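S.K.: Just so it is clear, I am handing over input.txt, which has compact mmCIF, C-alpha atoms.
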```txt
# COMPACT_ATOMS: atom_id res chain seq x y z
CA MET A 6 -24.16 -53.91 -58.55
CA SER A 7 -22.89 -50.37 -59.09
CA ILE A 8 -24.65 -47.54 -57.25
CA VAL A 9 -24.22 -45.54 -60.45
CA LEU A 10 -26.20 -48.18 -62.31
CA ALA A 11 -29.04 -47.96 -59.82
CA VAL A 12 -29.21 -44.17 -60.16
CA LEU A 13 -29.19 -44.49 -63.93
CA LEU A 14 -32.09 -46.91 -63.63
CA GLY A 15 -34.16 -44.03 -62.40
CA ALA A 16 -34.43 -44.79 -58.72
CA ALA A 17 -32.77 -41.71 -57.29
CA ILE A 18 -36.13 -40.55 -56.00
CA VAL A 19 -38.49 -43.41 -55.31
CA ASN A 20 -41.48 -43.12 -53.04
CA ALA A 21 -44.35 -45.54 -52.69
CA PHE A 22 -47.49 -43.90 -54.01
CA PRO A 23 -49.56 -42.74 -51.00
CA SER A 24 -52.66 -44.44 -52.40
CA LEU A 25 -51.00 -47.87 -52.27
CA ASN A 26 -51.87 -50.04 -49.29
CA ALA A 27 -51.16 -53.65 -48.42
CA ARG A 28 -53.99 -55.54 -50.12
CA GLN A 29 -53.96 -58.61 -47.91
CA SER A 30 -52.12 -59.87 -44.88
CA ILE A 31 -48.44 -60.66 -45.31
CA THR A 32 -47.53 -64.24 -44.48
CA ALA A 33 -44.24 -65.94 -43.66
CA LEU A 34 -43.04 -68.87 -45.74
CA THR A 35 -42.32 -72.09 -43.90
CA THR A 36 -38.86 -73.63 -43.86
CA SER A 37 -39.96 -76.29 -46.36
CA GLN A 38 -41.41 -73.64 -48.67
CA ILE A 39 -38.15 -71.68 -48.52
CA ASP A 40 -36.07 -74.79 -49.18
CA SER A 41 -38.22 -75.65 -52.19
CA PHE A 42 -36.73 -72.67 -54.05
CA ASN A 43 -33.13 -73.92 -53.75
CA THR A 44 -33.28 -75.90 -56.99
CA TYR A 45 -34.40 -72.81 -58.92
CA THR A 46 -31.86 -70.59 -57.15
CA TYR A 47 -28.99 -72.80 -58.28
CA TYR A 48 -30.32 -72.81 -61.85
CA ALA A 49 -30.50 -69.00 -61.78
CA SER A 50 -26.98 -68.81 -60.39
CA ALA A 51 -25.74 -71.19 -63.10
CA GLY A 52 -26.93 -68.61 -65.61
CA TYR A 53 -23.72 -66.72 -64.85
CA CYS A 54 -21.58 -69.62 -66.05
CA THR A 55 -20.27 -69.73 -69.61
CA ASN A 56 -22.26 -71.39 -72.36
CA THR A 57 -19.55 -74.05 -72.61
CA GLN A 58 -19.79 -74.87 -68.91
CA THR A 59 -23.58 -75.16 -68.87
CA LEU A 60 -23.76 -77.22 -72.06
CA ALA A 61 -21.34 -79.70 -70.47
CA TRP A 62 -23.13 -79.23 -67.12
CA ASP A 63 -19.76 -78.77 -65.49
CA CYS A 64 -19.93 -75.54 -63.52
CA GLY A 65 -19.05 -76.43 -59.95
CA THR A 66 -21.51 -76.04 -57.10
CA ASN A 67 -24.32 -74.64 -59.27
CA CYS A 68 -24.30 -77.70 -61.50
CA ASP A 69 -23.56 -80.18 -58.74
CA ALA A 70 -26.68 -79.04 -56.90
CA ASN A 71 -28.84 -80.38 -59.76
CA PRO A 72 -26.78 -83.40 -60.89
CA ASN A 73 -29.50 -85.05 -63.00
CA PHE A 74 -30.06 -82.02 -65.24
CA LYS A 75 -29.91 -82.74 -68.99
CA PRO A 76 -28.55 -79.74 -70.94
CA VAL A 77 -29.96 -79.24 -74.43
CA ALA A 78 -28.58 -75.92 -75.66
CA SER A 79 -26.73 -72.83 -74.47
CA GLY A 80 -25.63 -69.53 -75.93
CA GLY A 81 -24.55 -65.95 -75.43
CA ASN A 82 -21.08 -64.56 -74.90
CA GLY A 83 -21.43 -62.91 -71.49
CA ASP A 84 -20.78 -59.53 -73.06
CA SER A 85 -22.99 -58.21 -75.85
CA VAL A 86 -25.39 -61.14 -75.38
CA GLN A 87 -26.19 -62.58 -71.95
CA TYR A 88 -25.38 -66.25 -71.38
CA TRP A 89 -28.38 -68.59 -71.38
CA PHE A 90 -29.06 -72.30 -71.23
CA VAL A 91 -31.97 -74.68 -71.71
CA GLY A 92 -32.32 -78.26 -70.55
CA TYR A 93 -34.52 -80.79 -68.79
CA ASP A 94 -34.85 -81.51 -65.08
CA PRO A 95 -36.13 -85.10 -64.67
CA ASN A 96 -36.78 -84.63 -60.96
CA LEU A 97 -39.19 -81.77 -61.63
CA ASP A 98 -40.24 -83.07 -65.07
CA THR A 99 -39.83 -79.62 -66.54
CA VAL A 100 -37.75 -77.79 -69.12
CA ILE A 101 -35.50 -75.19 -67.47
CA VAL A 102 -34.65 -71.84 -69.10
CA SER A 103 -32.03 -69.68 -67.37
CA HIS A 104 -30.53 -66.30 -68.29
CA GLN A 105 -27.37 -64.60 -67.02
CA GLY A 106 -27.82 -61.63 -64.71
CA THR A 107 -25.92 -58.37 -64.48
CA ASN A 108 -22.22 -58.89 -63.98
CA PRO A 109 -20.58 -55.61 -62.84
CA SER A 110 -17.30 -56.71 -64.46
CA GLU A 111 -18.90 -56.56 -67.90
CA ILE A 112 -19.59 -53.04 -69.13
CA LEU A 113 -22.04 -53.84 -71.91
CA PRO A 114 -24.70 -55.42 -69.69
CA LEU A 115 -24.51 -52.35 -67.47
CA VAL A 116 -25.06 -50.10 -70.47
CA THR A 117 -28.00 -52.27 -71.48
CA ASP A 118 -29.49 -51.73 -68.04
CA ALA A 119 -28.86 -48.00 -67.97
CA ASP A 120 -30.22 -47.04 -71.40
CA PHE A 121 -33.96 -47.16 -70.93
CA PHE A 122 -37.40 -45.88 -71.78
CA LEU A 123 -40.81 -47.56 -72.05
CA THR A 124 -41.68 -49.03 -75.43
CA SER A 125 -44.18 -51.49 -76.90
CA LEU A 126 -43.23 -55.11 -77.51
CA ASP A 127 -42.19 -56.29 -80.99
CA SER A 128 -45.34 -57.56 -82.70
CA THR A 129 -43.28 -60.15 -84.60
CA LEU A 130 -42.06 -61.80 -81.41
CA PHE A 131 -45.18 -61.03 -79.38
CA PRO A 132 -48.11 -61.35 -81.82
CA GLY A 133 -51.45 -60.27 -80.46
CA VAL A 134 -50.05 -58.53 -77.37
CA SER A 135 -51.55 -55.07 -76.92
CA SER A 136 -49.40 -52.06 -77.80
CA ASP A 137 -50.55 -50.57 -74.49
CA ILE A 138 -48.18 -53.02 -72.81
CA GLU A 139 -44.82 -51.27 -72.60
CA VAL A 140 -41.47 -52.44 -71.28
CA HIS A 141 -37.94 -51.19 -70.62
CA ASN A 142 -36.30 -50.92 -74.04
CA GLY A 143 -32.97 -52.34 -72.89
CA PHE A 144 -34.62 -55.42 -71.40
CA LYS A 145 -36.71 -55.79 -74.55
CA ASP A 146 -33.59 -55.75 -76.75
CA ALA A 147 -31.70 -58.17 -74.49
CA GLN A 148 -34.59 -60.66 -74.62
CA ALA A 149 -34.90 -60.30 -78.39
CA ASP A 150 -31.20 -61.15 -78.82
CA THR A 151 -31.82 -64.74 -77.73
CA ALA A 152 -35.59 -65.22 -78.13
CA THR A 153 -35.73 -67.43 -81.21
CA ASP A 154 -32.72 -69.53 -80.15
CA VAL A 155 -34.25 -70.09 -76.72
CA LEU A 156 -37.61 -71.01 -78.26
CA ALA A 157 -35.97 -73.56 -80.57
CA ALA A 158 -34.06 -75.06 -77.64
CA VAL A 159 -37.22 -75.31 -75.53
CA GLU A 160 -39.08 -76.98 -78.40
CA SER A 161 -36.20 -79.45 -78.80
CA ALA A 162 -36.14 -80.23 -75.06
CA MET A 163 -39.91 -80.73 -74.93
CA SER A 164 -39.77 -83.07 -77.93
CA THR A 165 -36.77 -85.03 -76.66
CA TYR A 166 -38.05 -85.58 -73.14
CA GLY A 167 -41.81 -85.46 -73.68
CA ALA A 168 -42.09 -82.50 -71.32
CA THR A 169 -45.20 -80.36 -71.06
CA SER A 170 -43.86 -77.93 -68.45
CA VAL A 171 -41.44 -75.01 -68.77
CA THR A 172 -39.79 -73.26 -65.82
CA MET A 173 -37.96 -69.97 -66.36
CA VAL A 174 -35.42 -68.53 -63.91
CA GLY A 175 -33.01 -65.63 -63.68
CA HIS A 176 -31.35 -63.06 -61.45
CA SER A 177 -31.14 -59.28 -61.96
CA LEU A 178 -31.04 -58.53 -65.71
CA GLY A 179 -31.50 -62.26 -66.21
CA ALA A 180 -34.74 -62.08 -64.23
CA ALA A 181 -35.96 -59.24 -66.46
CA ILE A 182 -35.18 -61.24 -69.62
CA THR A 183 -36.85 -64.27 -68.05
CA LEU A 184 -40.00 -62.30 -67.28
CA LEU A 185 -40.22 -61.27 -70.93
CA ASP A 186 -39.67 -64.90 -71.93
CA SER A 187 -42.64 -65.66 -69.70
CA VAL A 188 -44.79 -63.59 -72.04
CA TYR A 189 -43.04 -64.72 -75.23
CA LEU A 190 -42.78 -68.49 -74.92
CA PRO A 191 -46.47 -69.22 -74.19
CA LEU A 192 -47.37 -67.47 -77.46
CA TRP A 193 -45.40 -70.07 -79.43
CA LEU A 194 -45.52 -73.33 -77.48
CA PRO A 195 -48.31 -75.93 -77.64
CA GLU A 196 -51.58 -75.36 -75.88
CA GLY A 197 -51.61 -77.25 -72.61
CA THR A 198 -47.99 -76.40 -71.76
CA THR A 199 -47.68 -75.17 -68.18
CA PHE A 200 -45.29 -72.41 -67.16
CA LYS A 201 -43.62 -71.20 -63.99
CA THR A 202 -41.28 -68.25 -63.45
CA VAL A 203 -38.92 -67.61 -60.54
CA GLY A 204 -36.89 -64.40 -60.53
CA TYR A 205 -34.35 -63.01 -58.07
CA GLY A 206 -33.51 -59.33 -57.61
CA LEU A 207 -35.96 -58.48 -60.40
CA PRO A 208 -35.97 -54.83 -61.51
CA ARG A 209 -39.23 -53.30 -62.67
CA VAL A 210 -39.67 -54.35 -66.29
CA GLY A 211 -42.75 -52.58 -67.62
CA ASN A 212 -45.74 -50.34 -67.11
CA GLN A 213 -49.06 -50.89 -65.35
CA ASP A 214 -50.55 -52.73 -68.33
CA PHE A 215 -47.53 -55.04 -68.40
CA ALA A 216 -47.82 -55.77 -64.68
CA ASN A 217 -51.52 -56.50 -65.08
CA TYR A 218 -50.81 -58.84 -68.00
CA ILE A 219 -48.24 -60.73 -65.92
CA ASP A 220 -50.67 -61.05 -63.02
CA ALA A 221 -53.34 -62.45 -65.32
CA ASN A 222 -51.16 -64.83 -67.33
CA VAL A 223 -47.91 -65.75 -65.56
CA GLN A 224 -47.24 -67.88 -62.47
CA LEU A 225 -44.54 -65.62 -61.05
CA THR A 226 -42.52 -65.53 -57.86
CA HIS A 227 -39.90 -62.77 -57.59
CA ILE A 228 -37.62 -62.92 -54.56
CA ASN A 229 -35.92 -59.82 -53.15
CA ASN A 230 -33.09 -59.99 -50.62
CA GLU A 231 -33.08 -57.61 -47.65
CA GLU A 232 -32.15 -54.06 -48.76
CA ASP A 233 -31.37 -54.84 -52.40
CA MET A 234 -31.87 -51.60 -54.31
CA VAL A 235 -32.30 -53.11 -57.78
CA PRO A 236 -35.95 -54.18 -57.31
CA ILE A 237 -36.99 -50.53 -56.73
CA CYS A 238 -35.52 -49.62 -60.13
CA PRO A 239 -36.64 -48.05 -62.42
CA GLY A 240 -38.74 -45.72 -60.28
CA MET A 241 -42.52 -45.87 -60.13
CA PHE A 242 -42.60 -42.16 -60.92
CA MET A 243 -41.35 -43.11 -64.39
CA GLY A 244 -44.37 -45.34 -65.00
CA PHE A 245 -42.79 -48.68 -64.09
CA VAL A 246 -44.78 -51.15 -61.97
CA HIS A 247 -43.90 -54.52 -60.45
CA PRO A 248 -46.35 -57.39 -60.94
CA ALA A 249 -47.55 -59.33 -57.92
CA GLY A 250 -45.70 -62.36 -56.57
CA GLU A 251 -43.05 -60.74 -54.39
CA VAL A 252 -41.29 -62.67 -51.65
CA HIS A 253 -39.05 -60.48 -49.50
CA ILE A 254 -36.20 -61.89 -47.41
CA GLU A 255 -36.11 -59.77 -44.27
CA ASP A 256 -33.06 -59.01 -42.13
CA SER A 257 -34.32 -61.57 -39.63
CA GLY A 258 -34.10 -64.28 -42.29
CA GLU A 259 -37.88 -64.60 -42.55
CA TRP A 260 -39.26 -64.86 -46.07
CA ALA A 261 -42.41 -62.72 -46.34
CA ALA A 262 -44.98 -63.28 -49.08
CA CYS A 263 -46.06 -59.76 -50.11
CA PRO A 264 -49.42 -59.67 -51.93
CA GLY A 265 -50.24 -57.18 -54.66
CA GLN A 266 -48.17 -54.95 -56.89
CA ASP A 267 -45.37 -52.92 -55.25
CA ASN A 268 -46.66 -53.62 -51.75
CA PRO A 269 -45.60 -50.62 -49.58
CA SER A 270 -45.36 -52.53 -46.30
CA SER A 271 -42.03 -52.27 -44.50
CA GLN A 272 -41.94 -56.08 -44.70
CA CYS A 273 -41.73 -55.76 -48.50
CA ILE A 274 -39.06 -54.21 -50.72
CA VAL A 275 -40.84 -50.93 -51.53
CA GLY A 276 -41.40 -50.15 -47.86
CA ASP A 277 -38.03 -51.48 -46.70
CA VAL A 278 -36.05 -49.56 -49.34
CA PRO A 279 -38.10 -46.40 -50.00
CA GLU A 280 -35.14 -44.47 -51.46
CA ILE A 281 -32.07 -45.58 -53.38
CA TRP A 282 -29.78 -44.49 -50.55
CA ASP A 283 -31.63 -46.81 -48.17
CA GLY A 284 -30.41 -49.81 -50.18
CA ASP A 285 -27.32 -51.97 -49.94
CA GLU A 286 -25.86 -53.13 -53.23
CA SER A 287 -24.15 -56.07 -51.51
CA ASP A 288 -27.59 -57.63 -50.88
CA HIS A 289 -28.25 -58.02 -54.61
CA ASP A 290 -26.34 -61.27 -55.09
CA GLY A 291 -27.82 -62.83 -51.95
CA PRO A 292 -27.65 -64.93 -50.03
CA TYR A 293 -30.93 -66.53 -51.03
CA ASN A 294 -31.31 -69.20 -48.35
CA GLY A 295 -27.54 -69.44 -48.18
CA ILE A 296 -26.95 -69.34 -51.94
CA GLU A 297 -24.98 -66.48 -53.54
CA MET A 298 -25.52 -65.70 -57.20
CA GLY A 299 -22.56 -66.13 -59.53
CA CYS A 300 -20.39 -68.77 -61.15
```
As structure tokens, please, write out the structure in this file.
M.R.:
Amino acid sequence: MSIVLAVLLGAAIVNAFPSLNARQSITALTTSQIDSFNTYTYYASAGYCTNTQTLAWDCGTNCDANPNFKPVASGGNGDSVQYWFVGYDPNLDTVIVSHQGTNPSEILPLVTDADFFLTSLDSTLFPGVSSDIEVHNGFKDAQADTATDVLAAVESAMSTYGATSVTMVGHSLGAAITLLDSVYLPLWLPEGTTFKTVGYGLPRVGNQDFANYIDANVQLTHINNEEDMVPICPGMFMGFVHPAGEVHIEDSGEWAACPGQDNPSSQCIVGDVPEIWDGDESDHDGPYNGIEMGC
């Protein structure tokens, strides 16, 4: 992840608001809880693989880690449109949706990240969602590029396998797209469908109203690794707010569950990386319990 990208994301001056305090006690995840994320981590990492690889489910370690996965559809070109794939995990009995993250070797995704302002969601894709809910325009456009194709693939997977659960994963830009999918897909899928979202290195996606909407409607876990600078971008001073659900991997290897939005504790990302220059871009890709993101 380029340091220039992070500065462009608006995090050159980022301070936790003085009024923010840890809402509840921070707890450490157990080894079994940490290990339970591995399946989702590999699916998020597989998002970096080409659409051809994921449709054939032949992408090396990322695919081998979930050998029973049944791919249904894939798309994107890894350049102007992020790679994505949809399929069914019979072990979890859920449809998986994964989006490619930010690949520094591809210039267009970086431009997508860097060109931003807060804007309302498209009422055609997000009917009934308040215009007070605003999101990063680049993330909004990236999600819109694949939204209807992803929806059709999820509907096909649910029909084919009789699934009533959808799990969405992604890393970096892919996590941002996935979080928007977490608002989008429930608006179109059958009542009674359950949803779960796991993001890694998630940047801030929207404003306070967006964060509140996520907290009220989305089962979200977003995992931040050590001094990764991307999760503090864009800056809170620009009106961006993280939803709750943070898990922060500390230098000791402990995974800390950080309650509330943008928890300022030094055990959480906002407190651990108060300024952009306190971050380490090499932490962005992991490891997440020994797993590095990428294909």
S.K.: Which distance in Å separates atom CA of A:Gly167 and atom CA of A:Leu60, to one decimal?
M.R.: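 Atom CA of A:Gly167 sits 19.9 Å away from atom CA of A:Leu60.
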S.K.: For each of A:Gly206, A:Gly197, A:Pro95, A:Gly65, take the minimum atom-to-atom distance to A:Pro292, counting all atoms listed in the file, then give the residue where this is smallest.
M.R.: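 Checking each candidate against A:Pro292, we get A:Gly206 as the closest.
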S.K.: Using all atoms listed in the file, find the one residue out of A:Ala49, A:Ala262, A:Cys68, A:Ala180 that sits nearest to A:Val235.
M.R.: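 Closest to A:Val235 of all the choices is A:Ala180.
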S.K.: Which residue, A:His289, A:His176, A:Arg209, A:His247, has the smallest gap to A:Asn230 when you use all atoms listed in the file?
M.R.: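 Selected residue with least distance to A:Asn230: A:His289.
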S.K.: Counting only C-alpha atoms, which residues of stretch 145-209 of chain A sit at most 7 Å from some atom of stretch 74-91 of chain A, and what is each one's closest atom pair with its distance in Å to one decimal, listed by chain and rising residue number, as a tab-separated table?
M.R.:
```
residue	atom	partner	partner_atom	distance
A:Asp150	CA	A:Val86	CA	6.8
A:Ala158	CA	A:Ala78	CA	5.9
A:Val159	CA	A:Val91	CA	6.5
A:Ala162	CA	A:Val77	CA	6.3
```
S.K.: Please save C-alpha atoms of the selected residues as a CSV table (one decimal), in the frame of the given file.
M.R.:
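The resulting file, selection.csv, is reproduced below:
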```csv
chain,number,residue,atom,x,y,z
A,150,ASP,CA,-31.2,-61.2,-78.8
A,158,ALA,CA,-34.1,-75.1,-77.6
A,159,VAL,CA,-37.2,-75.3,-75.5
A,162,ALA,CA,-36.1,-80.2,-75.1
```
S.K.: Neighbouring residues of A:His253 were defined as those with any atom within 8 Å, considering only C-alpha atoms; residues of the same chain fewer than 2 positions away were excluded. Please report them as a list in words.
M.R.: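 Residues meeting the cut-off are Ile228, Asn229, Asn230, Glu231, Glu251, Glu255, Trp260, Ala261, Ala262, Cys263, Gln272, Cys273 and Ile274 of chain A.
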S.K.: Could you check the closest approach to A:Gly143 for each of A:Val252, A:Cys300, A:Ile182, A:Met234 and tell me which residue wins, using only C-alpha atoms?
M.R.: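 Result for the nearest residue to A:Gly143: A:Ile182.
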S.K.: Would you be able to write out as a list in words which residues have an atom within 8 Å of (-49.9, -51.6, -75.5) in the file's coordinates, counting only C-alpha atoms?
M.R.: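 Every residue inside that radius is included here: Ser125, Leu126, Val134, Ser135, Ser136, Asp137, Ile138, Glu139 and Asp214 of chain A.
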S.K.: If you take every atom of stretch 70-85 of chain A that the file lists and fit an axis-aligned box around them with 5 Å extra on each side, what centre and edge lengths come out in Å to one decimal, as lines of an AutoDock Vina configuration file?
M.R.:
```
center_x = -25.4
center_y = -71.6
center_z = -66.4
size_x = 19.3
size_y = 36.8
size_z = 29.0
```
S.K.: Complete stretch 174-185 of chain A at the level of all heavy atoms, written as a CSV table (one decimal), in the frame of the given file.
M.R.:
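Written output follows (selection33.csv):
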```
chain,number,residue,atom,x,y,z
A,174,VAL,N,-36.1,-69.1,-65.1
A,174,VAL,CA,-35.4,-68.5,-63.9
A,174,VAL,C,-34.4,-67.5,-64.3
A,174,VAL,O,-33.9,-67.5,-65.5
A,174,VAL,CB,-34.7,-69.6,-63.0
A,174,VAL,CG1,-35.7,-70.7,-62.6
A,174,VAL,CG2,-33.6,-70.3,-63.8
A,175,GLY,N,-34.1,-66.6,-63.4
A,175,GLY,CA,-33.0,-65.6,-63.7
A,175,GLY,C,-32.8,-64.7,-62.5
A,175,GLY,O,-33.7,-64.6,-61.7
A,176,HIS,N,-31.7,-64.0,-62.5
A,176,HIS,CA,-31.4,-63.1,-61.4
A,176,HIS,C,-31.0,-61.7,-62.1
A,176,HIS,O,-30.3,-61.7,-63.1
A,176,HIS,CB,-30.2,-63.6,-60.6
A,176,HIS,CG,-29.6,-62.6,-59.7
A,176,HIS,ND1,-28.3,-62.0,-59.9
A,176,HIS,CD2,-30.0,-62.0,-58.5
A,176,HIS,CE1,-28.0,-61.2,-58.9
A,176,HIS,NE2,-29.1,-61.2,-58.1
A,177,SER,N,-31.5,-60.6,-61.5
A,177,SER,CA,-31.1,-59.3,-62.0
A,177,SER,C,-31.6,-59.1,-63.4
A,177,SER,O,-32.8,-59.3,-63.7
A,177,SER,CB,-29.6,-59.1,-61.8
A,177,SER,OG,-29.2,-57.8,-62.0
A,178,LEU,N,-30.7,-58.7,-64.3
A,178,LEU,CA,-31.0,-58.5,-65.7
A,178,LEU,C,-31.6,-59.8,-66.3
A,178,LEU,O,-32.5,-59.9,-67.1
A,178,LEU,CB,-29.8,-58.1,-66.5
A,178,LEU,CG,-29.9,-58.0,-68.0
A,178,LEU,CD1,-31.1,-57.1,-68.5
A,178,LEU,CD2,-28.6,-57.6,-68.7
A,179,GLY,N,-31.0,-60.9,-65.8
A,179,GLY,CA,-31.5,-62.3,-66.2
A,179,GLY,C,-32.9,-62.5,-65.8
A,179,GLY,O,-33.7,-63.1,-66.5
A,180,ALA,N,-33.3,-62.0,-64.7
A,180,ALA,CA,-34.7,-62.1,-64.2
A,180,ALA,C,-35.6,-61.3,-65.1
A,180,ALA,O,-36.8,-61.7,-65.4
A,180,ALA,CB,-34.9,-61.6,-62.8
A,181,ALA,N,-35.2,-60.1,-65.6
A,181,ALA,CA,-36.0,-59.2,-66.5
A,181,ALA,C,-36.2,-59.9,-67.8
A,181,ALA,O,-37.3,-59.9,-68.4
A,181,ALA,CB,-35.3,-57.9,-66.6
A,182,ILE,N,-35.1,-60.5,-68.4
A,182,ILE,CA,-35.2,-61.2,-69.6
A,182,ILE,C,-36.1,-62.4,-69.5
A,182,ILE,O,-37.0,-62.7,-70.3
A,182,ILE,CB,-33.8,-61.7,-70.1
A,182,ILE,CG1,-32.9,-60.5,-70.4
A,182,ILE,CG2,-33.9,-62.6,-71.3
A,182,ILE,CD1,-31.4,-60.9,-70.6
A,183,THR,N,-36.0,-63.1,-68.3
A,183,THR,CA,-36.8,-64.3,-68.0
A,183,THR,C,-38.3,-63.9,-68.0
A,183,THR,O,-39.2,-64.6,-68.5
A,183,THR,CB,-36.4,-64.9,-66.7
A,183,THR,OG1,-35.1,-65.5,-66.9
A,183,THR,CG2,-37.4,-66.0,-66.3
A,184,LEU,N,-38.6,-62.7,-67.4
A,184,LEU,CA,-40.0,-62.3,-67.3
A,184,LEU,C,-40.6,-62.0,-68.7
A,184,LEU,O,-41.7,-62.3,-69.0
A,184,LEU,CB,-40.1,-61.1,-66.4
A,184,LEU,CG,-41.5,-60.7,-66.0
A,184,LEU,CD1,-42.3,-61.8,-65.3
A,184,LEU,CD2,-41.6,-59.4,-65.2
A,185,LEU,N,-39.8,-61.5,-69.6
A,185,LEU,CA,-40.2,-61.3,-70.9
A,185,LEU,C,-40.4,-62.6,-71.7
A,185,LEU,O,-41.3,-62.8,-72.5
A,185,LEU,CB,-39.3,-60.3,-71.7
A,185,LEU,CG,-39.3,-58.9,-71.2
A,185,LEU,CD1,-38.2,-58.1,-71.9
A,185,LEU,CD2,-40.6,-58.2,-71.4
```
